[in-house]
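> First the structure, which I've put down as structure tokens, then a few questions once you've had a look.
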Amino acid sequence: MGCAGSTPAKGDENAKKLQKPKPWKHTQQITHAQLKQMRDEFWDTAPHYGGQKEIWDALRAAAEADLDLAQAIIDSAGIIIPNADMTLCYDERGAKYELPKYVLSEPTNLIRDG
């Protein structure tokens with residue numbers, strides 16, 4: 001039995017907070033322009049692999065936002081995130097959405113412009 005000041009149960013999966021993905025390294029050094037192209041190609045083709053376009057749009061918006069806004073987008077779209085880094089997501093109908101790390105964060109070996 002809880003009271004007004006109780007905290008959510010530790011096993012509450014829907015309360016999972018988003019986190020930045022762990023640092024990762026691309027197989028080869030890439031520039032920011034190449035990373036942007038990879039991201040654009042992924043988001044352009046992702047809806048063709050299944051799921052709802054609205055969910056893909058919400059995932060893209062969340063991936064491109066800061067963590068607080070991303071959390072609000074995920075929560076309002078009803079997206080279930082078993083992995084706090086958003087690499088694996090499900091919609092309310094159970095459709096699976098897998099996001100590569102390169103759409104969620106920059107690699108550690110990104111070539112900085114200039």
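Labels used: A, B, ... for chains in the order of the structure tokens, numbers from 1 for residues in each chain, and numbers from 1 for ligands as shown.
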Show which residues sit within 9 Å of region 95-111 of chain A, as a PyMOL selection string. Count only C-alpha atoms, and ignore same-chain residues fewer than 6 positions away.

chain A and resi 20-26+28-32+35-36+38-40+42-43+46+49-52+55-56+59-60+62-64+85-89

> Please report, as a short mmCIF file (atom, residue, chain, number, x, y, z; two decimals) with N, CA and C atoms, in the first residue's frame, each residue of chain A to which DSSP assigns strand (DSSP E) when run on this structure's backbone.


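Wrote selection.cif, looks like this:
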data_model
loop_
_atom_site.label_atom_id
_atom_site.label_comp_id
_atom_site.auth_asym_id
_atom_site.auth_seq_id
_atom_site.Cartn_x
_atom_site.Cartn_y
_atom_site.Cartn_z
N ILE A 30 34.69 9.08 -39.51
CA ILE A 30 33.76 9.74 -40.43
C ILE A 30 33.65 11.20 -40.05
N THR A 31 33.25 12.00 -41.03
CA THR A 31 33.04 13.43 -40.79
C THR A 31 31.61 13.65 -40.33
N LEU A 88 16.34 0.08 -28.75
CA LEU A 88 15.23 -0.84 -28.97
C LEU A 88 13.97 -0.22 -28.39
N CYS A 89 12.92 -0.13 -29.20
CA CYS A 89 11.67 0.49 -28.77
C CYS A 89 10.50 -0.33 -29.32
N TYR A 90 9.35 -0.19 -28.68
CA TYR A 90 8.11 -0.83 -29.13
C TYR A 90 6.99 0.18 -29.07
N LYS A 96 8.12 -3.56 -33.22
CA LYS A 96 9.49 -3.34 -32.78
C LYS A 96 10.18 -2.29 -33.67
N TYR A 97 10.92 -1.41 -33.03
CA TYR A 97 11.67 -0.35 -33.72
C TYR A 97 13.11 -0.41 -33.20
N GLU A 98 14.06 -0.66 -34.07
CA GLU A 98 15.46 -0.70 -33.67
C GLU A 98 16.18 0.50 -34.25
N LEU A 110 34.65 10.68 -34.41
CA LEU A 110 34.12 11.61 -35.41
C LEU A 110 35.19 12.65 -35.74
N ILE A 111 35.40 12.91 -37.03
CA ILE A 111 36.36 13.93 -37.46
C ILE A 111 35.67 15.27 -37.33
#

> As a PyMOL selection string, please: the residues near Asp68 (chain A) (cut-off 10 Å, only C-alpha atoms, same-chain neighbours under 5 positions excluded).

chain A and resi 17-19+62+73

> For Ile74 (chain A), please output as a list in words all residues within 8 Å (counting only C-alpha atoms; exclusion window: fewer than 4 positions along the same chain).

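Counting only the stated atoms, we get Ala58, Leu59, Ala62, Ala70, Gly78, Ile79 and Ile80 of chain A.
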
> Would you mind exporting the chosen residues as a short mmCIF file (atom, residue, chain, number, x, y, z; two decimals), in the first residue's frame, restricted to N, CA and C atoms?


data_model
loop_
_atom_site.label_atom_id
_atom_site.label_comp_id
_atom_site.auth_asym_id
_atom_site.auth_seq_id
_atom_site.Cartn_x
_atom_site.Cartn_y
_atom_site.Cartn_z
N ALA A 58 8.10 10.27 -34.32
CA ALA A 58 8.32 10.58 -32.90
C ALA A 58 9.72 10.14 -32.46
N LEU A 59 10.15 8.97 -32.94
CA LEU A 59 11.48 8.48 -32.59
C LEU A 59 12.57 9.41 -33.15
N ALA A 62 12.63 12.54 -31.06
CA ALA A 62 13.25 12.25 -29.76
C ALA A 62 14.76 12.08 -29.90
N ALA A 70 13.16 14.62 -25.29
CA ALA A 70 13.05 13.27 -25.84
C ALA A 70 12.16 12.41 -24.94
N GLY A 78 3.50 7.13 -26.40
CA GLY A 78 3.21 5.79 -25.91
C GLY A 78 4.25 4.77 -26.32
N ILE A 79 5.48 5.20 -26.51
CA ILE A 79 6.55 4.31 -26.94
C ILE A 79 7.17 3.64 -25.71
N ILE A 80 7.37 2.34 -25.82
CA ILE A 80 7.93 1.55 -24.72
C ILE A 80 9.42 1.37 -25.00
#

> Which of region 23-83 of chain A end up as alpha helix (DSSP H) when DSSP is run on this backbone - answer as a PyMOL selection string?

chain A and resi 32-45+53-63+67-77
